[in-house]
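Engineer: I am sharing my_file-v3.cif, which consists of mmCIF, C-alpha atoms:
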```cif
data_run
loop_
_atom_site.label_atom_id
_atom_site.label_comp_id
_atom_site.auth_asym_id
_atom_site.auth_seq_id
_atom_site.Cartn_x
_atom_site.Cartn_y
_atom_site.Cartn_z
CA MET A 842 0.00 0.00 0.00
CA MET A 843 2.80 2.34 0.81
CA GLY A 844 4.28 1.68 -2.65
CA ILE A 845 1.01 2.53 -4.32
CA LYS A 846 0.69 5.73 -2.29
CA GLY A 847 4.27 6.62 -3.17
CA ASN A 848 3.58 6.12 -6.88
CA VAL A 849 0.43 8.21 -6.66
CA GLY A 850 2.41 10.94 -4.91
CA CYS A 851 5.02 10.86 -7.67
CA LEU A 852 2.31 11.09 -10.33
CA ILE A 853 0.76 14.08 -8.57
CA ILE A 854 4.13 15.84 -8.43
CA PHE A 855 4.77 14.95 -12.11
CA TRP A 856 1.44 16.39 -13.25
CA ALA A 857 1.93 19.48 -11.11
CA LEU A 858 5.30 20.07 -12.76
CA LEU A 859 3.80 19.41 -16.20
CA VAL A 860 0.98 21.91 -15.58
CA ALA A 861 3.53 24.50 -14.41
CA VAL A 862 5.64 24.00 -17.55
CA VAL A 863 2.58 24.29 -19.80
CA ALA A 864 1.46 27.43 -17.93
CA MET A 865 4.87 29.00 -18.43
CA ALA A 866 4.80 28.10 -22.12
CA THR A 867 1.34 29.59 -22.62
CA GLU A 868 1.83 32.65 -20.44
CA PRO A 869 1.13 35.85 -22.39
CA PRO A 870 4.43 36.77 -24.07
CA ARG A 871 4.31 40.40 -23.02
CA LEU A 872 7.64 42.07 -22.28
CA PHE A 873 6.57 45.37 -20.77
CA GLU A 874 8.95 48.20 -19.94
CA ARG A 875 8.18 51.63 -18.54
CA THR A 876 11.07 53.99 -19.11
CA LYS A 877 12.10 57.55 -19.96
CA GLY A 878 12.10 58.76 -23.53
CA ILE A 879 13.19 62.00 -25.17
CA ASN A 880 13.36 64.97 -22.78
CA GLY A 881 12.51 62.65 -19.90
CA LEU A 882 8.96 62.01 -21.10
CA GLU A 883 7.64 58.63 -19.97
CA LYS A 884 7.10 55.94 -22.55
CA ILE A 885 6.08 52.29 -22.64
CA ILE A 886 7.90 49.66 -24.70
CA VAL A 887 6.07 46.41 -25.43
CA ARG A 888 7.78 43.46 -27.12
CA ASP A 889 6.70 39.95 -28.03
CA ARG A 890 8.76 36.76 -28.10
CA LYS A 891 9.52 37.13 -31.81
CA GLY A 892 11.23 40.48 -31.25
CA ARG A 893 8.43 42.64 -32.62
CA SER A 894 7.73 45.80 -30.64
CA PHE A 895 6.02 49.13 -30.29
CA GLU A 896 6.64 52.23 -28.19
CA VAL A 897 4.03 54.66 -26.91
CA TYR A 898 4.53 57.94 -25.04
CA LEU A 899 2.13 58.74 -22.21
CA TYR A 900 2.20 62.31 -23.53
CA GLY A 901 -0.50 62.20 -26.19
CA GLY A 902 -0.99 58.45 -25.80
CA GLN A 903 1.05 58.46 -28.99
CA VAL A 904 2.66 55.46 -30.64
CA THR A 905 6.10 56.53 -31.86
CA SER A 906 7.55 53.21 -33.04
CA TRP A 907 6.37 49.88 -34.45
CA LYS A 908 9.02 47.37 -35.51
CA ASN A 909 8.81 43.93 -37.09
CA GLU A 910 10.87 40.89 -36.08
CA LYS A 911 13.78 42.15 -38.23
CA GLY A 912 13.85 45.45 -36.36
CA GLU A 913 12.53 47.36 -39.38
CA GLU A 914 10.53 50.46 -38.50
CA MET A 915 6.98 50.59 -39.88
CA LEU A 916 6.29 54.19 -38.82
CA VAL A 917 8.06 57.50 -39.38
CA MET A 918 8.90 60.18 -36.87
CA SER A 919 9.72 63.67 -38.11
CA SER A 920 13.43 64.46 -38.01
CA LYS A 921 12.34 67.70 -36.31
CA ALA A 922 9.76 66.22 -33.93
CA ILE A 923 9.41 68.31 -30.77
CA PHE A 924 9.06 66.37 -27.51
CA ASP A 925 8.23 69.39 -25.40
CA PRO A 926 4.65 69.76 -24.08
CA PRO A 927 2.31 71.36 -24.95
CA THR A 928 3.64 71.05 -28.53
CA PRO A 929 2.16 67.97 -30.27
CA ILE A 930 4.60 65.24 -31.35
CA ARG A 931 5.01 64.99 -35.13
CA GLY A 932 5.00 61.43 -36.46
CA GLY A 933 4.03 57.96 -35.30
CA ILE A 934 0.26 57.73 -34.67
CA PRO A 935 -1.27 60.91 -33.20
CA ILE A 936 -4.81 60.69 -31.79
CA LEU A 937 -7.00 63.50 -33.14
CA PHE A 938 -9.96 63.94 -30.78
CA PRO A 939 -12.58 65.31 -30.14
CA GLN A 940 -12.26 67.35 -33.32
CA TYR A 941 -10.67 66.57 -36.65
CA SER A 942 -8.59 69.48 -38.02
CA ASN A 943 -10.44 72.81 -37.95
CA THR A 944 -13.92 71.37 -38.52
CA GLY A 945 -15.21 72.91 -35.26
CA PRO A 946 -14.50 75.57 -32.62
CA LEU A 947 -11.68 73.71 -30.83
CA PRO A 948 -7.96 74.04 -31.56
CA SER A 949 -7.02 72.11 -34.70
CA HIS A 950 -7.18 68.33 -34.15
CA GLY A 951 -8.61 68.67 -30.65
CA PHE A 952 -6.57 68.37 -27.46
CA VAL A 953 -5.98 64.74 -26.38
CA ARG A 954 -2.67 64.57 -28.27
CA GLN A 955 -1.49 67.27 -25.86
CA ARG A 956 -2.55 65.55 -22.65
CA PHE A 957 -0.76 63.08 -20.39
CA TRP A 958 -2.45 59.69 -20.46
CA GLU A 959 -2.23 57.03 -17.75
CA ILE A 960 -1.77 53.28 -17.80
CA ASP A 961 -5.20 51.69 -17.35
CA ALA A 962 -4.70 49.12 -14.61
CA ASN A 963 -8.25 47.73 -14.75
CA PRO A 964 -9.50 48.01 -18.35
CA PRO A 965 -12.84 46.51 -19.39
CA GLN A 966 -12.44 43.08 -20.93
CA ILE A 967 -12.22 42.84 -24.72
CA PRO A 968 -13.04 39.15 -25.25
CA SER A 969 -13.12 39.26 -29.03
CA ASN A 970 -9.47 40.28 -29.09
CA SER A 971 -8.14 38.10 -26.28
CA TYR A 972 -5.59 36.51 -28.62
CA TYR A 973 -3.69 39.80 -28.69
CA LEU A 974 -1.24 38.98 -25.92
CA SER A 975 1.38 41.76 -26.18
CA PHE A 976 -0.41 44.99 -25.33
CA VAL A 977 -0.81 48.01 -23.09
CA ASP A 978 -4.00 49.79 -22.01
CA LEU A 979 -4.08 53.56 -21.63
CA ILE A 980 -6.79 55.90 -20.37
CA LEU A 981 -7.49 59.63 -20.48
CA ARG A 982 -10.25 61.21 -18.41
CA SER A 983 -11.56 64.71 -19.07
CA SER A 984 -10.20 67.34 -16.71
CA GLN A 985 -11.66 70.60 -15.44
CA GLU A 986 -9.40 72.44 -17.90
CA ASP A 987 -10.72 70.33 -20.78
CA MET A 988 -14.30 71.07 -19.72
CA LYS A 989 -13.67 74.78 -20.19
CA ILE A 990 -13.13 74.31 -23.94
CA TRP A 991 -15.22 71.15 -24.52
CA PRO A 992 -17.91 70.87 -21.81
CA HIS A 993 -18.38 67.10 -21.82
CA LYS A 994 -17.17 64.45 -19.39
CA PHE A 995 -15.60 61.43 -21.06
CA GLU A 996 -13.17 58.55 -20.70
CA TYR A 997 -11.00 57.63 -23.69
CA ARG A 998 -9.50 54.15 -23.38
CA MET A 999 -6.93 52.89 -25.86
CA ARG A 1000 -5.55 49.37 -26.14
CA ILE A 1001 -2.41 49.07 -28.28
CA ALA A 1002 -1.45 45.52 -29.20
CA ILE A 1003 0.81 43.39 -31.39
CA GLY A 1004 -1.06 40.51 -33.00
CA PRO A 1005 -0.03 36.96 -33.95
CA VAL A 1006 1.34 37.92 -37.38
CA GLY A 1007 2.94 41.17 -36.20
CA GLU A 1008 -0.02 43.44 -36.95
CA LEU A 1009 -0.47 46.54 -34.82
CA MET A 1010 -3.96 47.13 -33.42
CA LEU A 1011 -5.37 50.24 -31.75
CA ILE A 1012 -8.75 49.82 -30.05
CA SER A 1013 -10.40 53.10 -29.08
CA ARG A 1014 -13.25 53.19 -26.56
CA VAL A 1015 -14.87 56.55 -25.79
CA LYS A 1016 -17.37 56.52 -22.93
CA ASN A 1017 -19.77 59.33 -22.16
CA THR A 1018 -19.59 59.85 -18.38
CA ASP A 1019 -21.76 62.97 -18.58
CA VAL A 1020 -25.52 63.48 -18.19
CA LYS A 1021 -26.06 64.70 -21.74
CA PRO A 1022 -25.11 63.37 -25.20
CA PHE A 1023 -22.06 64.65 -27.03
CA ASN A 1024 -20.78 64.58 -30.61
CA PHE A 1025 -17.20 64.34 -31.84
CA THR A 1026 -15.11 63.96 -34.95
CA MET A 1027 -11.78 62.18 -34.86
CA ALA A 1028 -8.96 60.41 -36.66
CA LEU A 1029 -6.02 58.14 -35.96
CA HIS A 1030 -3.16 59.55 -38.02
CA PRO A 1031 -0.43 56.95 -38.82
CA TYR A 1032 2.73 58.13 -40.56
CA PHE A 1033 3.49 54.93 -42.50
CA ALA A 1034 7.11 54.37 -43.52
CA VAL A 1035 7.60 53.95 -47.28
CA SER A 1036 10.65 53.51 -49.50
CA ASP A 1037 9.82 56.74 -51.35
CA ILE A 1038 6.52 58.56 -51.73
CA SER A 1039 6.89 58.39 -55.52
CA GLU A 1040 7.11 54.56 -55.35
CA ILE A 1041 3.77 53.86 -53.70
CA GLN A 1042 0.10 53.71 -54.55
CA VAL A 1043 -3.00 53.66 -52.37
CA GLU A 1044 -5.80 51.31 -53.41
CA GLY A 1045 -9.45 51.26 -52.38
CA MET A 1046 -10.69 54.79 -53.19
CA HIS A 1047 -11.87 54.21 -56.78
CA ASN A 1048 -15.09 56.09 -57.58
CA LEU A 1049 -15.41 57.45 -54.03
CA ASP A 1050 -16.35 61.00 -53.11
CA TYR A 1051 -13.78 63.10 -51.28
CA LEU A 1052 -13.35 66.55 -49.79
CA ASP A 1053 -10.24 68.26 -51.18
CA GLN A 1054 -8.59 70.06 -48.27
CA LEU A 1055 -6.35 71.97 -50.70
CA LYS A 1056 -9.50 73.52 -52.21
CA ASN A 1057 -11.54 74.50 -49.13
CA ARG A 1058 -12.95 70.95 -48.85
CA THR A 1059 -14.60 71.09 -52.26
CA ARG A 1060 -16.45 67.82 -52.89
CA SER A 1061 -15.38 65.71 -55.89
CA THR A 1062 -15.24 62.08 -57.03
CA ASP A 1063 -12.00 60.14 -57.55
CA HIS A 1064 -12.25 58.18 -60.79
CA ASN A 1065 -8.65 56.94 -60.70
CA LYS A 1066 -8.12 53.26 -59.90
CA VAL A 1067 -5.22 54.06 -57.55
CA ILE A 1068 -3.78 57.11 -55.79
CA THR A 1069 -0.23 58.08 -56.70
CA PHE A 1070 1.80 61.02 -55.44
CA LYS A 1071 3.51 63.69 -57.51
CA SER A 1072 2.64 66.77 -55.45
CA GLN A 1073 0.96 67.83 -52.22
CA PHE A 1074 -2.06 65.65 -51.45
CA ASP A 1075 -4.72 66.14 -48.74
CA ARG A 1076 -8.15 64.54 -49.13
CA ILE A 1077 -10.93 63.29 -46.85
CA TYR A 1078 -12.44 60.26 -48.59
CA LEU A 1079 -16.03 59.58 -47.55
CA SER A 1080 -17.64 56.23 -46.70
CA THR A 1081 -14.53 54.23 -47.53
CA PRO A 1082 -14.05 50.43 -47.47
CA ASP A 1083 -12.96 48.80 -44.22
CA ASP A 1084 -9.70 47.68 -45.89
CA ILE A 1085 -7.36 50.07 -47.72
CA ARG A 1086 -4.01 49.04 -49.17
CA ILE A 1087 -0.73 50.94 -49.45
CA VAL A 1088 1.41 49.20 -52.06
CA ASP A 1089 5.15 49.90 -51.96
CA ARG A 1090 6.57 48.76 -55.29
CA LYS A 1091 10.20 49.16 -54.23
CA LYS A 1092 9.81 47.30 -50.92
CA LYS A 1093 7.44 44.77 -52.55
CA THR A 1094 5.16 45.00 -49.53
CA THR A 1095 1.58 46.05 -48.93
CA MET A 1096 0.29 47.74 -45.79
CA VAL A 1097 -3.31 46.69 -45.20
CA VAL A 1098 -5.14 49.33 -43.16
CA HIS A 1099 -8.30 47.90 -41.61
CA LYS A 1100 -10.77 50.07 -39.72
CA GLU A 1101 -14.00 49.59 -37.78
CA GLY A 1102 -16.30 52.27 -36.41
CA GLN A 1103 -14.81 55.06 -38.54
CA VAL A 1104 -16.41 55.49 -41.94
CA ASP A 1105 -14.00 57.99 -43.55
CA SER A 1106 -10.32 57.95 -44.49
CA VAL A 1107 -7.82 60.78 -44.87
CA VAL A 1108 -4.89 60.49 -47.27
CA TRP A 1109 -2.13 63.08 -46.83
CA ASN A 1110 1.39 63.93 -47.88
CA PRO A 1111 2.64 67.53 -47.66
CA TRP A 1112 5.24 67.11 -50.44
CA GLU A 1113 7.55 70.12 -50.38
CA LYS A 1114 5.22 72.37 -48.42
CA LYS A 1115 7.06 73.80 -45.41
CA VAL A 1116 5.88 72.37 -42.09
CA VAL A 1117 7.62 73.84 -39.04
CA ASP A 1118 8.33 70.54 -37.24
CA LEU A 1119 8.91 68.42 -40.35
CA GLY A 1120 12.31 68.01 -42.01
CA VAL A 1121 12.70 69.24 -45.59
CA GLU A 1122 13.04 65.74 -47.06
CA ASP A 1123 10.84 63.90 -44.53
CA TYR A 1124 7.85 63.88 -46.86
CA ARG A 1125 9.61 61.33 -49.08
CA ARG A 1126 9.64 58.75 -46.27
CA PHE A 1127 5.95 58.53 -45.35
CA VAL A 1128 2.32 58.58 -46.32
CA THR A 1129 -0.62 58.95 -43.96
CA VAL A 1130 -3.80 56.93 -44.45
CA GLU A 1131 -6.01 57.79 -41.49
CA SER A 1132 -9.09 56.05 -40.12
CA ALA A 1133 -11.47 58.91 -39.48
CA ALA A 1134 -14.98 60.11 -38.72
CA VAL A 1135 -15.31 63.57 -40.23
CA GLU A 1136 -18.36 64.15 -42.40
CA LYS A 1137 -20.87 62.71 -39.90
CA PRO A 1138 -19.93 63.28 -36.25
CA ILE A 1139 -20.25 60.35 -33.86
CA THR A 1140 -22.90 60.70 -31.13
CA VAL A 1141 -22.47 59.02 -27.72
CA ASN A 1142 -25.33 59.05 -25.23
CA PRO A 1143 -24.82 59.26 -21.44
CA GLY A 1144 -23.40 56.03 -20.04
CA GLN A 1145 -22.81 54.64 -23.54
CA GLU A 1146 -19.54 53.85 -25.30
CA TRP A 1147 -18.26 54.18 -28.85
CA ARG A 1148 -15.70 51.65 -30.05
CA GLY A 1149 -13.33 51.99 -33.00
CA VAL A 1150 -10.58 49.72 -34.28
CA LEU A 1151 -7.53 50.37 -36.45
CA THR A 1152 -5.43 47.38 -37.50
CA MET A 1153 -2.29 47.68 -39.62
CA THR A 1154 -0.74 44.60 -41.23
CA VAL A 1155 2.26 44.32 -43.57
CA VAL A 1156 2.07 41.54 -46.17
CA PRO A 1157 4.18 40.70 -49.27
CA SER A 1158 2.91 42.30 -52.46
CA LYS A 1159 1.75 39.99 -55.23
#
```
Can the structure from this file be put into structure tokens for me?
Structural biologist:
Amino acid sequence: MMGIKGNVGCLIIFWALLVAVVAMATEPPRLFERTKGINGLEKIIVRDRKGRSFEVYLYGGQVTSWKNEKGEEMLVMSSKAIFDPPTPIRGGIPILFPQYSNTGPLPSHGFVRQRFWEIDANPPQIPSNSYYLSFVDLILRSSQEDMKIWPHKFEYRMRIAIGPVGELMLISRVKNTDVKPFNFTMALHPYFAVSDISEIQVEGMHNLDYLDQLKNRTRSTDHNKVITFKSQFDRIYLSTPDDIRIVDRKKKTTMVVHKEGQVDSVVWNPWEKKVVDLGVEDYRRFVTVESAAVEKPITVNPGQEWRGVLTMTVVPSK
């Protein structure tokens, strides 16, 4: 009997060890680092086990880097980016909220890109995206100062995650914590790294209406099959597909930009136009294809929440 009990005890120990090993193997592969960035501003670095990573500054809740497993940068930062609040940071993925550009009475592009966000220690569960294991959750709550220029109480939660194939996902959740409804316009503004602006084309806007921001937002229709760049370009495309593709002929890659909850898209490159915090030749290195809600503002009722998703995936071009 003692031998049987001893064998049972050994089996229990064996299974306990096996369960521990399996748990370690399946533990979320999140390598999370909170550190100081440029000018001492706090930033978060998140890596996965394949060496892919992203960086996000708490100032602006702004992603400033996204690298693949080879260490190649998928985003562009301006060579003259200013990391000195309250100046917005040029490059990466700015969050434009609660107003896109100068479409309302607020300062251009709203104010959340000029606020200090916090790490959200207890975010609401997002079960449909539980397979995104390398992530960070941020939150921004409206302050008394914000209420003076935009009199609405809100919570803006952002989950930033690396997916199984290296895709970068941004999940926005805006909750109305006020007693009255509010409206907002917004955009997520990625500066995508390209080999050269003259070597790329954007697909998915064929026969769509757009507002030309170089012509006082005059409404027109784009009959071209693809967008190419030979000069300054700044258009708000309306009611765009959920998937838009940026094809880089020189790199032989395609950036698939997938959006949910934002019906419009903004395509922009300043070309040689002088921008104070943008280097003279920086325009050659990027294109922006933004997920946006501009033409029809989003309405959120008290206690309700709006959810938007932006997913960016790099795939080989056919």
Engineer: To one decimal in Å, tell me the separation between atom CA of Gly892 of chain A and atom CA of Asn909 of chain A.
Structural biologist: 7.2 Å
Engineer: Taking all atoms listed in the file into account, which of A:Val1067, A:Gly901, A:Val1107, A:Asp1075 comes nearest Pro935 of chain A?
Structural biologist: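 Of A:Val1067, A:Gly901, A:Val1107, A:Asp1075, the one nearest Pro935 of chain A is A:Gly901, counting all atoms listed in the file.
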Engineer: Which is closest to Asn1017 of chain A among A:Asp1084, A:Glu913, A:Asp1063, A:Glu996, if we use only C-alpha atoms?
Structural biologist: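 Of A:Asp1084, A:Glu913, A:Asp1063, A:Glu996, the one nearest Asn1017 of chain A, counting only C-alpha atoms, is A:Glu996.
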Engineer: Which residues, named as in the file, does the PyMOL selection byres ((chain A and resi 1043) around 12) pick out? Answer as number ranges by chain.
Structural biologist: A: 1033, 1035, 1038-1042, 1044-1047, 1065-1070, 1084-1090, 1095-1098, 1106-1109, 1128-1130
Engineer: Could you list, as a PyMOL selection string, every residue matched by the PyMOL selection byres ((chain A and resi 1051) around 9) in this structure?
Structural biologist: chain A and resi 1049-1050+1052-1053+1058-1063+1076-1079
Engineer: Between A:Glu1122, A:Asp1105, A:Asp925, A:Glu896, which is the closest to Lys1137 of chain A once you count all atoms listed in the file?
Structural biologist: A:Asp1105
Engineer: For each of A:Leu1011, A:Lys1016, A:Thr1081, A:Ala1034, take the minimum atom-to-atom distance to Lys908 of chain A, counting all atoms listed in the file, then give the residue where this is smallest.
Structural biologist: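 Result for the nearest residue to Lys908 of chain A: A:Ala1034.
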Engineer: Applied to this file, what does the PyMOL selection byres ((chain A and resi 931) around 6) return in terms of residues, put as an MDAnalysis selection string?
Structural biologist: chainID A and resid 919 922 930 932
Engineer: Could you check which of A:Ile960, A:Lys989, A:Met1010, A:Ile923 is closest to Pro1031 of chain A, using all atoms listed in the file?
Structural biologist: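 Checking each candidate against Pro1031 of chain A, we get A:Met1010 as the closest.
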Engineer: Which residue, A:Val887, A:Met1153, A:Val1104, A:Leu1029, has the smallest gap to Ser942 of chain A when you use only C-alpha atoms?
Structural biologist: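 Checking each candidate against Ser942 of chain A, we get A:Leu1029 as the closest.
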Engineer: Rounded to one decimal place, report the atom CA of Asp1118 of chain A-atom CA of Thr1026 of chain A distance in Å.
Structural biologist: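 Result for atom CA of Asp1118 of chain A versus atom CA of Thr1026 of chain A: 24.5 Å, one decimal.
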Engineer: Take atom CA of Met999 of chain A and atom CA of Asn1110 of chain A and report the distance between them in Å, one decimal.
Structural biologist: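 Between atom CA of Met999 of chain A and atom CA of Asn1110 of chain A the gap works out to 26.0 Å.
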Engineer: Within 10 Å of Leu1151 of chain A, counting only C-alpha atoms, which residues show up once you throw out same-chain ones fewer than 3 positions away? Write them as an mmCIF file with C-alpha atoms, keeping the file's coordinate frame, please.
Structural biologist:
```cif
data_model
loop_
_atom_site.group_PDB
_atom_site.id
_atom_site.type_symbol
_atom_site.label_atom_id
_atom_site.label_comp_id
_atom_site.auth_asym_id
_atom_site.auth_seq_id
_atom_site.Cartn_x
_atom_site.Cartn_y
_atom_site.Cartn_z
ATOM 1 C CA ILE A 1001 -2.410 49.070 -28.280
ATOM 2 C CA LEU A 1009 -0.470 46.540 -34.820
ATOM 3 C CA MET A 1010 -3.960 47.130 -33.420
ATOM 4 C CA LEU A 1011 -5.370 50.240 -31.750
ATOM 5 C CA ILE A 1012 -8.750 49.820 -30.050
ATOM 6 C CA SER A 1013 -10.400 53.100 -29.080
ATOM 7 C CA LEU A 1029 -6.020 58.140 -35.960
ATOM 8 C CA PRO A 1031 -0.430 56.950 -38.820
ATOM 9 C CA ASP A 1083 -12.960 48.800 -44.220
ATOM 10 C CA VAL A 1098 -5.140 49.330 -43.160
ATOM 11 C CA HIS A 1099 -8.300 47.900 -41.610
ATOM 12 C CA LYS A 1100 -10.770 50.070 -39.720
ATOM 13 C CA GLU A 1101 -14.000 49.590 -37.780
ATOM 14 C CA GLY A 1102 -16.300 52.270 -36.410
ATOM 15 C CA GLN A 1103 -14.810 55.060 -38.540
ATOM 16 C CA GLU A 1131 -6.010 57.790 -41.490
ATOM 17 C CA SER A 1132 -9.090 56.050 -40.120
ATOM 18 C CA ALA A 1133 -11.470 58.910 -39.480
#
```
Engineer: Which polymer residues have any atom within 10 Å of an atom of Glu910 of chain A, counting all atoms listed in the file, with same-chain residues fewer than 6 positions away left out, as a count of residues only?
Structural biologist: 8
Engineer: Pull the neighbourhood of (-22.1, 58.4, -27.3) for me: all residues within 7 Å in file coordinates, counting all atoms listed in the file, as a ChimeraX atom specification.
Structural biologist: /A:1016-1017,1022-1023,1140-1143,1145-1147
Engineer: If we count only C-alpha atoms and set the cut-off at 8 Å, which residues sit around Gly878 of chain A, ignoring sequence neighbours fewer than 5 positions away in its own chain? Please answer as number ranges by chain.
Structural biologist: A: 883-884, 898
